[in-house]
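Accompanying notes for the structure given below.
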Amino acid sequence: MELGIVWLVRVAWIAAILPMLIASIPNSKLTSFHQLVLGFARRGKILQPSSSSQKWTLPQKHFAHFYVLGVAWTTLLLAATWMYAFKMTPFQHRFEVWRAVFLLLLMEIQVLRRLLESFYVFKYSPSARMSILGYLAGLFFYTAAPLSLCVNIAPEVVTFAAKSHTSSALEFDLLSSLIPPLMKLGWCQLIGAAVFLWGWLHQRRCHAILGSLRESPSQVKEYIIPHGDWFEIVSSPHYLAEIVLYAGLLIASGGTDATIWLLFGFVVWNLTLAAGETHRWYLRKFENYPANRNAIFPFVY
């Protein structure tokens, strides 16, 4: 069962990454396919009402659905894995389980902040849309990403949860069950957490900057060149920050799990495509757009 679910998740990531890889090949014969893939990536200001694809779109405010799902699913996985680690696996024997708890804790921090931002920071234009397939891709991501962080131990956690459900209630001390084991994690986890928090903080700042551009109702339909933080070097610093924080998760995982590498690959390719479209939109929209800004990777792209 363990190998079955691991390979199922890996195949799902490969299936999601492959179209983006093919669309990135500079071949004129793939132009139509390239535009099709970009159509799924377009949203908000780069998916305008005049687009012929409007029929197959949803309001961009539905982004909140991703984070509701992400919080609920990550919390469930975290609670089950945490209980399993505390009750069934001594730290010295099952380092992998406590590492999964740590990764899920970081993921929980991310999805909780994104959920709050979707309600209190972002003010979407009434005309802002996203493709239905992009919406489904978002639901897929926030289902598969948290699972990928603990997929190698998921079958045994499920078995434990099923047995616990039929047995007497478990005694559970929140602090004593978490802090001592996590204090024994290795340098990879500490460095990964530092990288994660670096990206997390910059994404929060960049989202605050984007939200501040539409503080009054009169600004909802206006588009303004954002400034501050990483906006001074790239057009989509919030995407760059997301790549950084998922790189942190990859480092914290130890970098040996192919499933988490595939998760990271999806994040990089998806956000790079979206950032490229955003950058080109800025260049078309503003004649005075800063020439020193790249799309997403400073001095590279």
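Letters for chains follow the order of the structure tokens (A, B, ...), residue numbers begin at 1 for each chain, and ligand numbers begin at 1 in the order shown.
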
DSSP-assigned helix (DSSP H, G or I) among region 104-243 of chain A, expressed as a ChimeraX atom specification: /A:104-120,132-148,154-166,174-183,187-212,217-219,229-232,237-243

What are the closest atom pairs, with distances in Å to one decimal, for all residues of region 227-271 of chain A lying within 6 Å of region 191-200 of chain A? Consider only C-alpha atoms, order rows by chain and residue number, and present the result as CSV.
residue,atom,partner,partner_atom,distance
A:Ala241,CA,A:Gly199,CA,4.5
A:Val244,CA,A:Gly199,CA,5.0
A:Leu245,CA,A:Phe196,CA,3.9
A:Gly248,CA,A:Gly192,CA,4.2
A:Leu249,CA,A:Gly192,CA,5.9
A:Ile251,CA,A:Gly192,CA,4.7
A:Ala252,CA,A:Gly192,CA,4.2

All residues 7 Å or closer to Leu103 (chain A), only C-alpha atoms, same chain fewer than 4 positions away omitted, as a PyMOL selection string: chain A and resi 99+107+149+249

Could you pull out all residues of region 17-251 of chain A with a DSSP call of strand (DSSP E) and give them as a PDB file with C-alpha atoms, in the first residue's frame?
ATOM      1  CA  ARG A  43      -5.615  34.961 -14.089  1.00  0.00           C
ATOM      2  CA  GLY A  44      -6.559  38.348 -12.745  1.00  0.00           C
ATOM      3  CA  THR A  57     -13.626  31.138 -16.030  1.00  0.00           C
ATOM      4  CA  LEU A  58     -14.511  31.786 -12.394  1.00  0.00           C
ATOM      5  CA  PRO A  59     -14.112  34.878 -10.180  1.00  0.00           C
ATOM      6  CA  ARG A 129     -11.166  35.969 -13.408  1.00  0.00           C
ATOM      7  CA  MET A 130      -9.341  32.642 -13.447  1.00  0.00           C
ATOM      8  CA  SER A 131      -9.762  29.642 -15.725  1.00  0.00           C
TER       9      SER A 131
END

Top pick for closest residue to Arg214 (chain A), considering A:Arg284, A:Lys184, A:Pro226, A:Asp257 and counting only C-alpha atoms: A:Pro226

Two-atom distance - CA of Leu262 (chain A), CA of Ala274 (chain A) (Å):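 It comes out at 18.2 Å.
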
Surrounding residues of His227 (chain A) excluding itself and chain neighbours under 4 positions, 8 Å, only C-alpha atoms, as a VMD selection string: chain A and resid 209 231 to 232

Export N, CA, C and O atoms of the chosen residues as a PDB file, in the first residue's frame?
ATOM      1  N   ILE A 209       2.034  44.785   0.018  1.00  0.00           N
ATOM      2  CA  ILE A 209       2.232  45.867  -0.960  1.00  0.00           C
ATOM      3  C   ILE A 209       1.158  45.803  -2.040  1.00  0.00           C
ATOM      4  O   ILE A 209       0.548  46.821  -2.391  1.00  0.00           O
ATOM      5  N   PHE A 231       9.948  43.812  -5.143  1.00  0.00           N
ATOM      6  CA  PHE A 231       9.373  44.400  -6.362  1.00  0.00           C
ATOM      7  C   PHE A 231      10.390  45.282  -7.083  1.00  0.00           C
ATOM      8  O   PHE A 231      10.206  45.581  -8.260  1.00  0.00           O
ATOM      9  N   GLU A 232      11.442  45.689  -6.405  1.00  0.00           N
ATOM     10  CA  GLU A 232      12.453  46.534  -7.039  1.00  0.00           C
ATOM     11  C   GLU A 232      13.334  45.746  -7.996  1.00  0.00           C
ATOM     12  O   GLU A 232      14.042  46.342  -8.813  1.00  0.00           O
TER      13      GLU A 232
END

Nearest residue to Trp82 (chain A) from the set A:Phe266, A:Trp98, A:Trp56, A:Phe119 (distances using only C-alpha atoms):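 Going through A:Phe266, A:Trp98, A:Trp56, A:Phe119 one by one, the smallest distance to Trp82 (chain A) is for A:Trp98.
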